[in-house]
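**Q** Below is the file structure_13.csv, which contains CSV, C-alpha atoms and all ligand atoms.
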chain,number,residue,atom,x,y,z
W,1,MET,CA,0.0,0.0,0.0
W,2,GLN,CA,2.6,2.5,-1.1
W,3,LEU,CA,-0.1,5.0,-2.2
W,4,LEU,CA,-1.7,5.0,1.3
W,5,LYS,CA,1.7,5.5,2.9
W,6,LYS,CA,2.5,8.3,0.5
W,7,ARG,CA,-0.7,10.2,1.3
W,8,ILE,CA,-0.4,9.7,5.0
W,9,LEU,CA,3.2,11.2,5.0
W,10,GLN,CA,2.2,13.9,2.5
W,11,ASP,CA,-1.2,15.0,3.8
W,12,GLY,CA,-1.6,13.5,7.3
W,13,LYS,CA,-1.4,15.9,10.3
W,14,CYS,CA,-0.8,14.9,13.8
W,15,TYR,CA,-2.3,16.5,17.0
W,16,GLU,CA,-1.8,16.2,20.7
W,17,GLY,CA,-2.9,12.9,22.2
W,18,GLY,CA,-1.7,10.7,19.4
W,19,ILE,CA,-4.4,11.8,16.9
W,20,LEU,CA,-3.7,11.5,13.2
W,21,LYS,CA,-5.9,13.7,11.0
W,22,VAL,CA,-6.5,12.4,7.5
W,23,ASP,CA,-9.5,14.5,6.7
W,24,GLY,CA,-8.3,15.5,3.2
W,25,PHE,CA,-8.4,11.9,1.8
W,26,ILE,CA,-10.2,9.5,4.2
W,27,ASN,CA,-12.4,11.2,6.9
W,28,HIS,CA,-13.9,14.3,5.4
W,29,GLN,CA,-12.9,14.6,1.8
W,30,MET,CA,-12.4,11.2,0.2
W,31,ASP,CA,-10.0,10.1,-2.6
W,32,PRO,CA,-11.9,7.4,-4.6
W,33,VAL,CA,-8.8,6.2,-6.3
W,34,LEU,CA,-7.1,5.6,-2.9
W,35,MET,CA,-10.4,4.1,-1.6
W,36,LYS,CA,-10.5,1.7,-4.5
W,37,SER,CA,-6.9,0.6,-3.9
W,38,ILE,CA,-7.8,0.1,-0.2
W,39,GLY,CA,-10.7,-2.1,-1.2
W,40,VAL,CA,-8.4,-4.1,-3.6
W,41,GLU,CA,-5.9,-4.7,-0.8
W,42,PHE,CA,-8.6,-5.9,1.7
W,43,VAL,CA,-9.9,-8.3,-0.9
W,44,ARG,CA,-6.3,-9.6,-1.5
W,45,ARG,CA,-5.9,-10.2,2.2
W,46,PHE,CA,-9.4,-11.7,3.0
W,47,ALA,CA,-10.4,-13.4,-0.3
W,48,ALA,CA,-9.3,-16.8,0.9
W,49,THR,CA,-11.7,-16.7,3.9
W,50,ASN,CA,-15.4,-17.7,3.9
W,51,VAL,CA,-16.5,-14.1,4.4
W,52,ASN,CA,-20.1,-13.4,3.2
W,53,LYS,CA,-20.7,-10.0,4.7
W,54,ILE,CA,-18.8,-6.8,5.2
W,55,MET,CA,-19.5,-4.9,8.4
W,56,THR,CA,-18.5,-1.4,9.5
W,57,ILE,CA,-19.4,1.4,11.8
W,58,GLU,CA,-20.6,4.8,10.7
W,59,ALA,CA,-19.3,7.1,9.4
W,60,SER,CA,-15.8,6.8,8.2
W,61,GLY,CA,-15.8,3.0,7.8
W,62,ILE,CA,-18.5,3.1,5.2
W,63,ALA,CA,-16.3,4.2,2.2
W,64,PRO,CA,-13.7,1.4,2.6
W,65,ALA,CA,-16.4,-1.1,3.5
W,66,ILE,CA,-18.5,-0.4,0.4
W,67,MET,CA,-15.4,-0.6,-1.9
W,68,THR,CA,-14.5,-4.0,-0.4
W,69,GLY,CA,-18.1,-5.2,-0.6
W,70,TYR,CA,-18.4,-4.0,-4.2
W,71,LEU,CA,-15.2,-5.8,-5.2
W,72,MET,CA,-16.2,-9.0,-3.4
W,73,ASP,CA,-19.9,-8.8,-4.5
W,74,LEU,CA,-20.9,-9.0,-0.8
W,75,PRO,CA,-23.5,-7.0,1.2
W,76,VAL,CA,-22.3,-4.2,3.5
W,77,VAL,CA,-23.9,-3.5,6.8
W,78,PHE,CA,-23.0,-0.7,9.2
W,79,ALA,CA,-23.6,-0.2,12.9
W,80,LYS,CA,-25.7,2.9,13.6
W,81,THR,CA,-28.4,4.4,15.8
W,82,ILE,CA,-31.8,2.7,15.1
W,83,GLN,CA,-34.6,1.2,17.1
W,84,ASN,CA,-35.4,-2.5,17.7
W,85,ALA,CA,-31.9,-3.6,17.6
W,86,LEU,CA,-29.0,-5.3,19.4
W,87,SER,CA,-26.9,-2.6,21.1
W,88,THR,CA,-23.6,-2.1,22.8
W,89,THR,CA,-21.6,0.8,24.3
W,90,VAL,CA,-18.5,2.1,22.6
W,91,HIS,CA,-16.0,4.6,24.0
W,92,SER,CA,-15.2,7.1,21.3
W,93,PHE,CA,-11.5,7.8,21.0
W,94,THR,CA,-11.9,11.1,19.2
W,95,LYS,CA,-14.9,12.4,21.3
W,96,ASP,CA,-13.8,10.8,24.6
W,97,ARG,CA,-17.2,9.7,25.5
W,98,ASP,CA,-19.3,6.5,25.4
W,99,TYR,CA,-22.1,6.2,22.8
W,100,GLU,CA,-24.6,3.5,21.9
W,101,VAL,CA,-24.0,1.6,18.7
W,102,VAL,CA,-26.7,-0.6,17.3
W,103,ILE,CA,-27.4,-2.9,14.3
W,104,SER,CA,-30.6,-4.5,13.3
W,105,ALA,CA,-30.8,-8.2,14.1
W,106,ASP,CA,-32.3,-8.5,10.6
W,107,PHE,CA,-28.9,-7.8,9.1
W,108,LEU,CA,-26.6,-9.7,11.4
W,109,THR,CA,-27.5,-13.4,11.8
W,110,PRO,CA,-25.9,-16.7,12.6
W,111,ASN,CA,-25.5,-17.3,8.9
W,112,ASP,CA,-23.1,-14.4,8.5
W,113,ASN,CA,-19.3,-14.7,8.3
W,114,VAL,CA,-18.3,-11.1,8.9
W,115,LEU,CA,-15.3,-9.0,7.8
W,116,PHE,CA,-15.2,-5.8,9.8
W,117,VAL,CA,-13.6,-2.8,8.0
W,118,ASP,CA,-12.9,0.6,9.5
W,119,ASP,CA,-10.7,3.6,9.0
W,120,PHE,CA,-8.6,3.5,12.2
W,121,LEU,CA,-7.5,1.1,14.9
W,122,ALA,CA,-6.4,2.9,18.0
W,123,TYR,CA,-7.3,1.3,21.4
W,124,GLY,CA,-9.8,-1.1,19.8
W,125,ASN,CA,-12.9,0.1,21.6
W,126,ALA,CA,-15.0,0.4,18.4
W,127,ALA,CA,-13.8,-3.1,17.3
W,128,LEU,CA,-14.7,-4.5,20.7
W,129,GLY,CA,-18.2,-3.1,20.4
W,130,ILE,CA,-18.5,-4.7,17.0
W,131,LEU,CA,-17.2,-8.0,18.5
W,132,ASP,CA,-19.9,-7.8,21.2
W,133,LEU,CA,-22.7,-7.2,18.5
W,134,ILE,CA,-21.4,-10.1,16.5
W,135,GLU,CA,-21.3,-12.4,19.5
W,136,GLN,CA,-24.9,-11.3,20.5
W,137,SER,CA,-26.1,-12.1,17.0
W,138,GLY,CA,-24.5,-15.5,16.6
W,139,ALA,CA,-22.6,-14.5,13.5
W,140,LYS,CA,-19.0,-15.4,13.0
W,141,LEU,CA,-16.1,-13.0,12.6
W,142,VAL,CA,-13.6,-13.8,9.7
W,143,GLY,CA,-11.3,-10.9,10.5
W,144,MET,CA,-10.9,-7.1,10.9
W,145,GLY,CA,-9.3,-4.8,8.3
W,146,PHE,CA,-8.2,-1.3,9.1
W,147,ILE,CA,-6.9,1.4,6.8
W,148,ILE,CA,-4.6,2.9,9.5
W,149,GLU,CA,-3.5,1.3,12.8
W,150,LYS,CA,-1.7,3.2,15.5
W,151,ALA,CA,0.6,0.5,16.9
W,152,PHE,CA,1.4,2.5,20.0
W,153,GLN,CA,-2.2,2.5,21.2
W,154,ASN,CA,-2.5,-1.3,21.7
W,155,GLY,CA,-5.8,-2.1,19.9
W,156,ARG,CA,-4.2,-5.0,18.0
W,157,LYS,CA,-3.0,-6.7,21.2
W,158,ILE,CA,-6.4,-6.6,22.7
W,159,LEU,CA,-8.1,-8.0,19.6
W,160,GLU,CA,-5.4,-10.7,18.9
W,161,GLU,CA,-5.8,-11.9,22.5
W,162,LYS,CA,-9.4,-12.5,21.7
W,163,GLY,CA,-8.4,-14.5,18.6
W,164,VAL,CA,-9.3,-11.9,16.1
W,165,ARG,CA,-7.3,-11.8,12.8
W,166,VAL,CA,-6.2,-8.1,12.3
W,167,GLU,CA,-5.0,-6.7,9.0
W,168,SER,CA,-3.9,-3.1,8.7
W,169,LEU,CA,-2.9,-1.4,5.5
W,170,ALA,CA,-0.6,1.2,7.1
W,171,ILE,CA,0.8,0.8,10.6
W,172,ILE,CA,1.9,4.0,12.4
W,173,GLU,CA,4.7,3.2,14.8
W,174,ASP,CA,5.1,6.7,16.3
W,175,LEU,CA,3.5,10.1,16.1
W,176,SER,CA,5.6,11.9,18.8
W,177,ASN,CA,7.0,15.3,18.0
W,178,CYS,CA,4.6,15.4,15.1
W,179,CYS,CA,6.8,13.0,13.1
W,180,ILE,CA,4.8,10.3,11.4
W,181,LYS,CA,6.7,7.0,11.5
W,182,ILE,CA,5.2,4.3,9.3
W,183,LYS,CA,6.2,0.6,9.7
W,184,ASP,CA,7.8,-1.0,6.7
W,185,GLN,CA,5.6,-4.0,5.7
R,201,LIG,P1,-10.5,2.8,18.9
R,201,LIG,O1,-11.9,2.5,19.1
R,201,LIG,O2,-9.7,1.7,18.2
R,201,LIG,O3,-9.8,3.4,20.1
R,201,LIG,O4,-10.5,4.1,17.8
R,201,LIG,C1,-11.0,3.8,16.5
R,201,LIG,C2,-12.0,4.8,16.1
R,201,LIG,O5,-11.7,6.1,16.6
R,201,LIG,C3,-12.0,4.9,14.6
R,201,LIG,O6,-13.3,4.4,14.2
R,201,LIG,C4,-11.8,6.3,14.2
R,201,LIG,O7,-13.0,6.9,13.7
R,201,LIG,C5,-11.4,7.0,15.5
R,201,LIG,N1,-9.9,7.3,15.6
R,201,LIG,C6,-9.0,6.8,16.4
R,201,LIG,N2,-7.8,7.3,16.3
R,201,LIG,C7,-7.9,8.3,15.3
R,201,LIG,C8,-7.0,9.2,14.7
R,201,LIG,O8,-5.8,9.3,15.0
R,201,LIG,N3,-7.5,10.0,13.7
R,201,LIG,C9,-8.8,9.9,13.3
R,201,LIG,N4,-9.1,10.7,12.3
R,201,LIG,N5,-9.7,9.1,13.8
R,201,LIG,C10,-9.3,8.2,14.8
How does this structure look as C-alpha cells?
**A**
Amino acid sequence: MQLLKKRILQDGKCYEGGILKVDGFINHQMDPVLMKSIGVEFVRRFAATNVNKIMTIEASGIAPAIMTGYLMDLPVVFAKTIQNALSTTVHSFTKDRDYEVVISADFLTPNDNVLFVDDFLAYGNAALGILDLIEQSGAKLVGMGFIIEKAFQNGRKILEEKGVRVESLAIIEDLSNCCIKIKDQ
C-alpha cells in the first residue's frame, strides 16, 4: 500500500494525544482512487476466507467497506443508531465519551461470516463493540481490516488476545514530535 503510505506522509497531520488527521483523503474529503486501492488490498488479504458479509461502523468506515463489498460482491452493513436492535456501548477515542452503537438483528444473523472494515484502529474500543454485537447475533467473525493502525495504542494486542485476525494497510509506529513514522511492511 505505497499509495496510502505516501498520502499519510504527505497530507496527514498529527495532533496532541496521538491523533492523526487524514481529513483530506479519508475522513472528510475522500479520494476514490485511494479508496478503491484500499478495497483491492482488503480483498487480497481476505479473499481466501469464507466471508459473506462486510461490516463497518458509521461514518468513516463506510467508504472502505463499500469498496470492499463491491469488489467481493458482498452485502455491506454498518452499525448505527436505530430502534429495535441489538446494542452495545463504545467509548469514542476522538470524542472521549461513550455512545450506543446498534445494528438491526435482521442484518446480522448466525448465517453471516463477517469481515469488519474501519478507518482507524487505536485502542480497539469500536472493534470490541462490534465483536460484542457479532457475539450477540451468533454471526462469526472472519477478521478485521483497518486502513490505518496506530501501533502505540495497543488495539491489536487486545483484539489478537481474543483470537481476532487483524489486517492493517498502514501501521503508524510513532507520532511523537509530530513526526509520522510508518512501519515497513
Ligand atoms: P478505537 O476504538 O480503536 O480506540 O478508535 C478507533 C475509532 O476512533 C475509529 O473508528 C476512528 O474513527 C477514530 N480514531 C481513532 N484514532 C484516530 C485518529 O488518530 N485519527 C482519526 N481521524 N480518527 C481516529
**Q** List all protein, DNA and RNA residues that have an atom no more than 8 Å from any atom of ligand LIG 201 (chain R), counting all atoms listed in the file, and report them as a count of residues only.
**A** 31
**Q** Would you work out the distance separating atom CA of Ile180 of chain W from atom CA of Leu131 of chain W, expressed in Å to one decimal?
**A**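 The value is 29.5 Å.
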**Q** Given the choices W:Val40, W:Leu133, W:Val76, W:Leu141, which gets closest to Lys162 of chain W if the distance is worked out from all atoms listed in the file?
**A**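 Counting all atoms listed in the file, the residue closest to Lys162 of chain W is W:Leu141.
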**Q** To one decimal in Å, tell me the separation between atom CA of Asp174 of chain W and atom CA of Leu4 of chain W.
**A** 16.6 Å
**Q** Please report the interatomic distance between atom CA of Val102 of chain W and atom CA of Thr56 of chain W in Å with one decimal.
**A**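 Taking atom CA of Val102 of chain W as the start and atom CA of Thr56 of chain W as the end point, the length is 11.3 Å.
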**Q** Closest to Leu3 of chain W among W:Lys53, W:Lys36, W:Arg44, W:His28, using all atoms listed in the file?
**A** W:Lys36
**Q** At a cut-off of 8 Å, using all atoms listed in the file, what residues contact Asn113 of chain W? Leave out same-chain residues fewer than 5 positions from it and give the result as an MDAnalysis selection string.
**A** chainID W and resid 50:53 139:142
**Q** Do you know which residues are at most 10 Å from Val77 of chain W counting only C-alpha atoms, after dropping those on the same chain fewer than 5 positions away, and could you put them as a list of chain:residue names?
**A**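 Non-adjacent residues within range: W:Lys53, W:Ile54, W:Met55, W:Thr56, W:Ile57, W:Glu58, W:Ile62, W:Ala65, W:Ile66, W:Gly69, W:Ile103, W:Ser104, W:Phe107, W:Leu108, W:Val114, W:Phe116.
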**Q** Which residues come within 8 Å of Cys178 of chain W, counting only C-alpha atoms, excluding same-chain residues fewer than 3 positions away, as an MDAnalysis selection string?
**A** chainID W and resid 13:15 175
**Q** From the options W:Gln2, W:Lys181, W:Glu41, W:Ala63, which residue's atoms come nearest to Phe25 of chain W, counting all atoms listed in the file?
**A** W:Ala63
**Q** Of the candidates W:Ser137, W:Leu86, W:Leu169, W:Gly24, which shows the shortest atom-to-atom distance to Gln10 of chain W, using all atoms listed in the file?
**A**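 Smallest distance to Gln10 of chain W is found for W:Gly24.
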**Q** May I ask which of the residues W:Pro110, W:Gly145, W:Gly138, W:Pro64 is the closest one to Ser168 of chain W, counting only C-alpha atoms?
**A**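 Nearest candidate to Ser168 of chain W out of W:Pro110, W:Gly145, W:Gly138, W:Pro64: W:Gly145.
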**Q** Rank nothing, just name the residue among W:Thr49, W:Asp73, W:Gly143, W:Ile148 nearest to Glu160 of chain W, using all atoms listed in the file.
**A**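 Closest residue, counting all atoms listed in the file: W:Gly143.
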